[in-house]
Amino acid sequence: MNPYIGHDSQIWSVEEHRLVGGKGDGMRPLEISSGTGVHLTVSLDRAADISRLRFRGINMGYFSPCGYVGPAYYDRREDHFLKSFTAGFLTTCGLESAGVPCEDGGEQVPMHGSIANVPAEYYRWEEEDGEIVVHAQMRDEVIFGRKLKLIREIRVSLTEASFTICDRIVNEGDRTEPIELLYHMNMGYPLLDEDSIVEVSSEQVRPRNAHAAEDLENWMHMEKPQAGYEERCYYHECKKEGRASICQPKLGIGLEIRFDPKKLDCFTEWKMMGVRDYVLGLECGNCYPDGRDVMRRDGRLKFLEPGKTLTYHVKVRLLEK
């Protein structure tokens, strides 16, 4: 008990709101303020992803031109995912696929899968041992097909500027399922600009295509927004340590992402320096976004047997210098 305050929300708070108007009408953002300078928004109707992230009042993530889009507008055909790609700080890609749409195993799988457009059917939050803990559950299930459950915890520290995403994927069906998961974390202005310092703990970096190869030596250097910019993707192999960071020297802030490179063995850097489409993706995952068919061909596709569970942890630490 703190004798100086009448309510915990003077120090930290969790508030559920409703959006009104536009394609986000009716969506439930859960606003969390930790009292350590971290403010994040959990989008309960979009897989409990993190749509907003601010540190010391400064925006850290990227919000795409389409803004908030409710799951009712989701279209899984081809690349129509982009019409509802809010991006935000985190969009979870998976669970049946992550990356470009393709045909694999006799199934047409959509761009980045469908889990990011699944509302939490259940959620609760509590204060526990110096953390705000949000529990959410999403089902990715169809008749005659996959029956997967995503159980997510977001643990926001009340004592340091950090939070951790703890995910469990459970196969509740009767067949072995391919599993792709990509934590599509998106850095935006003013954290991101041409002066940002980007580091990844990779032993090897390879370009996704010939266009990216043309500027491979500058994968860590950001640029000013450019009209007509074509995205460049770089694939990082992190063997010993899973870590990526971005710092903004002009503002004295940054963030660091830590993950287990044995479980999340594919790290993608999405460098998109376009006008208004100005974003840097720092994306740990168990796959690269080339399509599930390519991952199967390369022997890197992961599978989950009936009754089994996969567990992943990603920690984000906010930095002040």
# chains A, B, ... in the order shown; residues from 1 in each chain; ligands from 1

$ residues_around --residues "stretch 102-105 of chain A" --least-positions-apart "3" --cutoff "8 Å" --atoms "only C-alpha atoms" --output "JSON, numbers by chain"
{"A": [108, 109, 110, 111, 291, 292, 293]}

$ write_last_selection --atoms "all heavy atoms" --output "PDB file, in the first residue's frame"
ATOM      1  N   GLN A 108      -4.037 -23.617 -50.181  1.00  0.00           N
ATOM      2  CA  GLN A 108      -3.717 -22.232 -50.490  1.00  0.00           C
ATOM      3  C   GLN A 108      -3.587 -21.473 -49.171  1.00  0.00           C
ATOM      4  O   GLN A 108      -4.552 -21.325 -48.435  1.00  0.00           O
ATOM      5  CB  GLN A 108      -4.823 -21.613 -51.351  1.00  0.00           C
ATOM      6  CG  GLN A 108      -4.922 -22.169 -52.758  1.00  0.00           C
ATOM      7  CD  GLN A 108      -3.776 -21.703 -53.663  1.00  0.00           C
ATOM      8  OE1 GLN A 108      -3.103 -20.719 -53.368  1.00  0.00           O
ATOM      9  NE2 GLN A 108      -3.567 -22.403 -54.760  1.00  0.00           N
ATOM     10  N   VAL A 109      -2.380 -21.019 -48.877  1.00  0.00           N
ATOM     11  CA  VAL A 109      -2.179 -20.316 -47.613  1.00  0.00           C
ATOM     12  C   VAL A 109      -2.014 -18.829 -47.887  1.00  0.00           C
ATOM     13  O   VAL A 109      -1.359 -18.424 -48.840  1.00  0.00           O
ATOM     14  CB  VAL A 109      -0.973 -20.881 -46.825  1.00  0.00           C
ATOM     15  CG1 VAL A 109      -1.256 -22.294 -46.371  1.00  0.00           C
ATOM     16  CG2 VAL A 109       0.299 -20.847 -47.654  1.00  0.00           C
ATOM     17  N   PRO A 110      -2.620 -17.977 -47.051  1.00  0.00           N
ATOM     18  CA  PRO A 110      -2.648 -16.535 -47.312  1.00  0.00           C
ATOM     19  C   PRO A 110      -1.371 -15.839 -46.849  1.00  0.00           C
ATOM     20  O   PRO A 110      -0.582 -16.378 -46.070  1.00  0.00           O
ATOM     21  CB  PRO A 110      -3.839 -16.064 -46.493  1.00  0.00           C
ATOM     22  CG  PRO A 110      -3.856 -16.993 -45.324  1.00  0.00           C
ATOM     23  CD  PRO A 110      -3.410 -18.331 -45.859  1.00  0.00           C
ATOM     24  N   MET A 111      -1.194 -14.618 -47.306  1.00  0.00           N
ATOM     25  CA  MET A 111      -0.078 -13.797 -46.844  1.00  0.00           C
ATOM     26  C   MET A 111      -0.128 -13.648 -45.320  1.00  0.00           C
ATOM     27  O   MET A 111      -1.139 -13.260 -44.755  1.00  0.00           O
ATOM     28  CB  MET A 111      -0.115 -12.417 -47.510  1.00  0.00           C
ATOM     29  CG  MET A 111       0.899 -11.433 -46.938  1.00  0.00           C
ATOM     30  SD  MET A 111       0.930  -9.843 -47.792  1.00  0.00           S
ATOM     31  CE  MET A 111       2.042 -10.221 -49.140  1.00  0.00           C
ATOM     32  N   GLY A 291       7.488 -17.858 -48.048  1.00  0.00           N
ATOM     33  CA  GLY A 291       6.402 -18.765 -48.367  1.00  0.00           C
ATOM     34  C   GLY A 291       6.624 -20.113 -47.710  1.00  0.00           C
ATOM     35  O   GLY A 291       7.756 -20.602 -47.601  1.00  0.00           O
ATOM     36  N   ARG A 292       5.539 -20.720 -47.268  1.00  0.00           N
ATOM     37  CA  ARG A 292       5.651 -22.006 -46.571  1.00  0.00           C
ATOM     38  C   ARG A 292       6.217 -23.092 -47.463  1.00  0.00           C
ATOM     39  O   ARG A 292       6.935 -23.986 -47.003  1.00  0.00           O
ATOM     40  CB  ARG A 292       4.265 -22.417 -46.039  1.00  0.00           C
ATOM     41  CG  ARG A 292       4.318 -23.455 -44.927  1.00  0.00           C
ATOM     42  CD  ARG A 292       2.939 -23.695 -44.363  1.00  0.00           C
ATOM     43  NE  ARG A 292       2.166 -24.622 -45.185  1.00  0.00           N
ATOM     44  CZ  ARG A 292       0.916 -24.965 -44.932  1.00  0.00           C
ATOM     45  NH1 ARG A 292       0.266 -24.404 -43.905  1.00  0.00           N
ATOM     46  NH2 ARG A 292       0.269 -25.823 -45.702  1.00  0.00           N
ATOM     47  N   ASP A 293       5.912 -23.010 -48.760  1.00  0.00           N
ATOM     48  CA  ASP A 293       6.444 -24.011 -49.683  1.00  0.00           C
ATOM     49  C   ASP A 293       7.965 -23.946 -49.758  1.00  0.00           C
ATOM     50  O   ASP A 293       8.640 -24.985 -49.845  1.00  0.00           O
ATOM     51  CB  ASP A 293       5.824 -23.841 -51.072  1.00  0.00           C
ATOM     52  CG  ASP A 293       6.003 -22.438 -51.646  1.00  0.00           C
ATOM     53  OD1 ASP A 293       6.253 -21.484 -50.874  1.00  0.00           O
ATOM     54  OD2 ASP A 293       5.886 -22.293 -52.880  1.00  0.00           O
TER      55      ASP A 293
END

$ residues_around --residues "A:Pro249" --least-positions-apart "2" --cutoff "10 Å" --atoms "only C-alpha atoms" --output "MDAnalysis selection string"
chainID A and resid 191 195:197 246:247 251:254 320:321

$ select_by_dssp --residues "stretch 72-172 of chain A" --states "helix (DSSP H, G or I)" --output "list in words"
Ala72, Tyr73, His80, Phe81, Leu82, Lys83, Ser84, Ile115, Ala116 and Asn117 of chain A

$ closest_residue --among "A:Val118, A:Ala136, A:Cys66, A:Ile32" --to "A:Arg46" --atoms "only C-alpha atoms"
A:Val118

$ residues_around --residues "A:Phe89" --least-positions-apart "2" --cutoff "6 Å" --atoms "only C-alpha atoms" --output "PyMOL selection string"
chain A and resi 50-52+61+185-186

$ write_last_selection --atoms "all heavy atoms" --output "PDB file, in the first residue's frame"
ATOM      1  N   ILE A  50       0.300  -5.716 -30.289  1.00  0.00           N
ATOM      2  CA  ILE A  50       0.596  -4.413 -29.692  1.00  0.00           C
ATOM      3  C   ILE A  50       0.526  -3.353 -30.785  1.00  0.00           C
ATOM      4  O   ILE A  50       1.415  -3.265 -31.636  1.00  0.00           O
ATOM      5  CB  ILE A  50       1.975  -4.427 -29.017  1.00  0.00           C
ATOM      6  CG1 ILE A  50       1.973  -5.463 -27.880  1.00  0.00           C
ATOM      7  CG2 ILE A  50       2.328  -3.043 -28.474  1.00  0.00           C
ATOM      8  CD1 ILE A  50       3.334  -5.721 -27.285  1.00  0.00           C
ATOM      9  N   SER A  51      -0.541  -2.577 -30.777  1.00  0.00           N
ATOM     10  CA  SER A  51      -0.740  -1.600 -31.845  1.00  0.00           C
ATOM     11  C   SER A  51       0.040  -0.315 -31.607  1.00  0.00           C
ATOM     12  O   SER A  51       0.540   0.297 -32.555  1.00  0.00           O
ATOM     13  CB  SER A  51      -2.231  -1.293 -32.022  1.00  0.00           C
ATOM     14  OG  SER A  51      -2.804  -0.850 -30.798  1.00  0.00           O
ATOM     15  N   ARG A  52       0.158   0.104 -30.355  1.00  0.00           N
ATOM     16  CA  ARG A  52       0.883   1.337 -30.034  1.00  0.00           C
ATOM     17  C   ARG A  52       1.964   1.039 -29.001  1.00  0.00           C
ATOM     18  O   ARG A  52       1.744   0.254 -28.076  1.00  0.00           O
ATOM     19  CB  ARG A  52      -0.050   2.398 -29.454  1.00  0.00           C
ATOM     20  CG  ARG A  52      -1.238   2.768 -30.317  1.00  0.00           C
ATOM     21  CD  ARG A  52      -0.876   3.792 -31.357  1.00  0.00           C
ATOM     22  NE  ARG A  52      -2.067   4.339 -32.007  1.00  0.00           N
ATOM     23  CZ  ARG A  52      -2.033   5.146 -33.062  1.00  0.00           C
ATOM     24  NH1 ARG A  52      -0.865   5.499 -33.579  1.00  0.00           N
ATOM     25  NH2 ARG A  52      -3.146   5.604 -33.595  1.00  0.00           N
ATOM     26  N   GLY A  61       6.729   2.844 -32.568  1.00  0.00           N
ATOM     27  CA  GLY A  61       6.305   1.934 -33.621  1.00  0.00           C
ATOM     28  C   GLY A  61       5.809   2.646 -34.865  1.00  0.00           C
ATOM     29  O   GLY A  61       5.794   3.878 -34.942  1.00  0.00           O
ATOM     30  N   MET A 185       7.657  -6.997 -35.803  1.00  0.00           N
ATOM     31  CA  MET A 185       7.797  -5.799 -34.978  1.00  0.00           C
ATOM     32  C   MET A 185       8.290  -4.648 -35.834  1.00  0.00           C
ATOM     33  O   MET A 185       9.292  -4.780 -36.551  1.00  0.00           O
ATOM     34  CB  MET A 185       8.736  -6.078 -33.805  1.00  0.00           C
ATOM     35  CG  MET A 185       8.086  -6.982 -32.769  1.00  0.00           C
ATOM     36  SD  MET A 185       9.140  -7.374 -31.354  1.00  0.00           S
ATOM     37  CE  MET A 185      10.099  -8.720 -32.050  1.00  0.00           C
ATOM     38  N   ASN A 186       7.579  -3.531 -35.763  1.00  0.00           N
ATOM     39  CA  ASN A 186       7.728  -2.450 -36.727  1.00  0.00           C
ATOM     40  C   ASN A 186       8.151  -1.148 -36.052  1.00  0.00           C
ATOM     41  O   ASN A 186       7.406  -0.583 -35.248  1.00  0.00           O
ATOM     42  CB  ASN A 186       6.401  -2.243 -37.465  1.00  0.00           C
ATOM     43  CG  ASN A 186       5.861  -3.553 -38.020  1.00  0.00           C
ATOM     44  OD1 ASN A 186       6.410  -4.092 -38.970  1.00  0.00           O
ATOM     45  ND2 ASN A 186       4.812  -4.069 -37.406  1.00  0.00           N
TER      46      ASN A 186
END

$ closest_residue --among "A:Pro178, A:Gly57, A:Pro207, A:Pro71" --to "A:Ala120" --atoms "only C-alpha atoms"
A:Pro71
